[in-house]
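Right, one structure below, let's go through it.
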Amino acid sequence: MPNSFLFPKKIVIASRESLLAMWQAKFIQKCLSELYPQTEISILGMTTRGDQILDQSLSKIGGKGLFIKELEQALEDDRADIAVHSMKDMPMNVPEGFKLAAITEREDPRDAFVSNHYASLDVLPAGSIVGTSSLRRESQLRAHFPQLQVQPLRGNVQTRLRKLDEDQYAAIILAAAGLKRLELSNRITALLNPEQSLPAVGQGALGIECRADRMDLVQLMQPLHHQATAYCVEAERSMSRVLGGSCQVPLGAFAEIDNDKLRLRGFVAQPDGKRIVSGALEGKPETGIAMGQQLAQKLIKQGADEILAALVPAAEGWK
Ligand SMILES: NCc1[nH]cc(CCC(=O)O)c1CC(=O)O
């Protein structure tokens with residue numbers, strides 16, 4: 001018989017206020033309410049610096065940390081117990097004093113091609129404008145489709161779709177997971193396979209973060225932890241960590257498990273797509289973190305470090 005004494009009276013979830021972030025927080029809220037019916041689960045919506053600065057590319061304003069700092073401050077101040085993030089938006093190193101309590105089962109990790117006029121990237125006329133602010137998507141587009149123009153596209157998912165609908169772009173690239181969660185799957189014109197667009201580290205998975213001293217919460221979150229996803233995402237994060245991965249780095253890593261084998265693929269590119277180094281490794285899922293480090297070394301041997309060293313230095317104030 002469950003002992004209600006063991007369960008907290010309430011759990012507060014910190015979330016960004018975008019529709020996608022709120023969907024994600026509500027999803028975790030629903031899971032927790034089902035697991036712990038005696039506990040009141042509420043959501044604290046917050047605006048982060050990353051949400052406020054919409055006119056500059058993410059790589060210029062300092063990247064991932066911007067979307068999570070305010071949420072971590074709420075955990076620090078006990079205004080919230082857990083924060084729900086897209087794993088893609090989590091820095092490769094969780095800041096000291098915080099912990100990833102759980103990584104949830106991955107939604108579709110692929111990038112989606114969205115266009116109102118064209119069926120696929122292959123049929124876009126030369127000179128067409130494709131919108132994305134991700135250096136990873138941009139470098140792969142430029143490598144595979146040098147005849148297209150890539151232009152910045154920022155804002156939340158709805159804003160990006162609106163800009164497409166205003167015909168500012170012939171097509172845009174977005175994460176399939178975000179569109180599916182927002183019941184916008186009908187906007188997906190085509191899904192890009194990993195050979196066309198290797199996904200971002202963590203794309204499609206959610207992370208639940210708490211303070212490192214809250215082992216009570218880590219335990220309560222365990223039913224939401226999906227071990228196969230965690231092996232994949234940790235392998236991807238491990239590769240990226242060695243290479244100094246962030247939004248400022250055109251890099252992708254993607255792992256999947258098939259027949260109890262984890263296959264990790266990764267690349268580092270010049271933003272103009274003129275040079276790409278890539279590789280893949282297979283091994284036991286439990287060894288994903290070591291595989292990530294090995295794959296990073298493999299890419300470094302092929303010149304990844306040269307490509308990275310030539311990038312514009314990270315914006316000030318990053319991290
Ligand atoms: N950078 C914003 C962001 N963070 C996570 C997702 C999608 C959902 C996910 O990857 O889990 C998106 C939108 C996008 O890239 O189109």
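The way I read the labels, and the way they are meant: chains A, B, ... in the order of the structure tokens, residue 1 as the first residue of every chain, and ligand 1 as the first ligand shown, with later ones counted on from there.
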Select the residues contacting ligand 1 at a distance of at most 6 Å, based on only C-alpha atoms and all ligand atoms, then format the selection as an MDAnalysis selection string. chainID A and resid 86 88:89 174:175 177:178 203:205
| message | With only C-alpha atoms as the counted atoms, please give the residues lying no more than 12 Å from Ile307 of chain A, apart from itself and same-chain residues fewer than 4 positions off, as a list in words. | response |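 In the requested format, the answer is Leu243, Val249, Pro250, Leu251, Phe267, Val268, Ala269, Gln270, Pro271, Asp272, Gly273, Lys274, Arg275, Ile276, Val277, Leu299, Ile300, Lys301, Gln302, Gly303, Leu311 and Val312 of chain A.
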Calculate how many Å separate atom CA of Leu44 of chain A from atom CA of Ala83 of chain A, rounding to one decimal.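 Pair atom CA of Leu44 of chain A / atom CA of Ala83 of chain A returns 9.3 Å.
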Query - Shell of 9 Å around Leu192 of chain A, only C-alpha atoms, local chain residues under 6 positions omitted, as a list of chain:residue names - result: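 Using only C-alpha atoms, the neighbours found are A:Arg110, A:Asp111, A:Ala112, A:Phe113, A:Leu198.
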So that I have them on file, write out the residues from the current selection with C-alpha atoms, as an mmCIF file, in the first residue's frame.
data_model
loop_
_atom_site.group_PDB
_atom_site.id
_atom_site.type_symbol
_atom_site.label_atom_id
_atom_site.label_comp_id
_atom_site.auth_asym_id
_atom_site.auth_seq_id
_atom_site.Cartn_x
_atom_site.Cartn_y
_atom_site.Cartn_z
ATOM 1 C CA ARG A 110 14.421 13.909 -37.359
ATOM 2 C CA ASP A 111 14.412 17.347 -38.930
ATOM 3 C CA ALA A 112 11.364 18.252 -40.997
ATOM 4 C CA PHE A 113 11.216 20.095 -44.323
ATOM 5 C CA LEU A 198 21.896 14.512 -39.004
#
Determine, counting only C-alpha atoms, which protein, DNA and RNA residues have an atom within 6 Å of an atom of Ala255 of chain A; residues of the same chain fewer than 4 positions away are not included. Present the result as a list in words.
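In the requested format, the answer is Cys232, Arg263 and Leu264 of chain A.
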DSSP strand (DSSP E) residues within segment 176-230 of chain A, as a list in words: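 Strand (DSSP E) assignments inside segment 176-230 of chain A correspond to Ala190, Leu191, Leu192, Leu206, Gly207, Ile208, Glu209, Cys210 and Arg211 of chain A.
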> So which one's closest to Ala80 of chain A, A:Gly45, A:Pro109, A:Gly252, A:Pro223? Using only C-alpha atoms, please.
Replying inline: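 Distance minimum relative to Ala80 of chain A lands on A:Gly45.
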_Show me, as a list in words, the residues that have an atom within 7 Å of segment 13-28 of chain A when counting only C-alpha atoms, minus same-chain residues fewer than 3 positions from it._
Cys31, Leu32, Ser42, Ile43, Leu44, Gly45, Met46, Thr47, Thr48, Leu71, Ala80, Asp81, Ile82, Ala83, Val84, Asn156, Gly178 and Leu182 of chain A
Based on the selection just made, write C-alpha atoms of those residues as a PDB file, in the first residue's frame.
ATOM      1  CA  CYS A  31       2.692  11.788 -16.179  1.00  0.00           C
ATOM      2  CA  LEU A  32       3.513  12.847 -12.617  1.00  0.00           C
ATOM      3  CA  SER A  42       1.786  22.833 -10.886  1.00  0.00           C
ATOM      4  CA  ILE A  43       3.665  24.748 -13.581  1.00  0.00           C
ATOM      5  CA  LEU A  44       5.594  28.001 -13.129  1.00  0.00           C
ATOM      6  CA  GLY A  45       5.896  29.665 -16.546  1.00  0.00           C
ATOM      7  CA  MET A  46       8.906  31.913 -17.115  1.00  0.00           C
ATOM      8  CA  THR A  47      10.353  34.071 -19.884  1.00  0.00           C
ATOM      9  CA  THR A  48      14.053  33.538 -20.499  1.00  0.00           C
ATOM     10  CA  LEU A  71      14.723  28.085 -14.779  1.00  0.00           C
ATOM     11  CA  ALA A  80      10.312  25.357  -8.381  1.00  0.00           C
ATOM     12  CA  ASP A  81      11.346  21.731  -7.829  1.00  0.00           C
ATOM     13  CA  ILE A  82      12.048  20.521 -11.353  1.00  0.00           C
ATOM     14  CA  ALA A  83      12.617  22.126 -14.748  1.00  0.00           C
ATOM     15  CA  VAL A  84      11.581  20.500 -18.016  1.00  0.00           C
ATOM     16  CA  ASN A 156       9.226  29.953 -31.616  1.00  0.00           C
ATOM     17  CA  GLY A 178       8.206  20.131 -31.939  1.00  0.00           C
ATOM     18  CA  LEU A 182       2.031  20.935 -31.129  1.00  0.00           C
TER      19      LEU A 182
END
Quiz item: Between A:Met221, A:Val12, A:Leu295, A:Val157, which one has atoms that come closest to Gly207 of chain A, using only C-alpha atoms?
Solution: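 Looking only at the distances to Gly207 of chain A, the closest residue turns out to be A:Met221.
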Item to complete: Could you tell me which of A:Ile173, A:Leu164, A:Val123, A:Val114 comes closest to Glu138 of chain A if we count only C-alpha atoms?
Response: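 Using only C-alpha atoms, Glu138 of chain A sits closest to A:Ile173.
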Among segment 146-233 of chain A, which ones does DSSP assign to alpha helix (DSSP H) (computed from the backbone)? Answer as a PyMOL selection string.
chain A and resi 157-165+176-181+215-221+227-233
Inset, instruction - Please measure the separation of atom CA of Thr229 of chain A and atom CA of Gln158 of chain A, giving the value in Å to one decimal. - result: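 Here the two named atoms are 27.2 Å from each other.
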### Message
Which residue is closest to Ser238 of chain A? Choose from A:Ala296, A:Val218, A:Ala126, A:Leu184 and count only C-alpha atoms.
### Response
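Checking each candidate against Ser238 of chain A, we get A:Ala296 as the closest.
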Using only C-alpha atoms, the best pick from A:Gly279, A:Pro91, A:Gly127, A:Pro152 as closest to Val201 of chain A would be A:Pro91
*For each of A:Ala171, A:Leu141, A:Leu206, A:Leu262, take the minimum atom-to-atom distance to Ala190 of chain A, counting only C-alpha atoms, then give the residue where this is smallest.*
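Of the candidates, the smallest distance to Ala190 of chain A is held by A:Ala171.
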**Message:** Please report the interatomic distance between atom CA of Gln149 of chain A and atom CA of Ile172 of chain A in Å with one decimal.
**Reply:**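 Distance reported for this atom pair: 11.3 Å.
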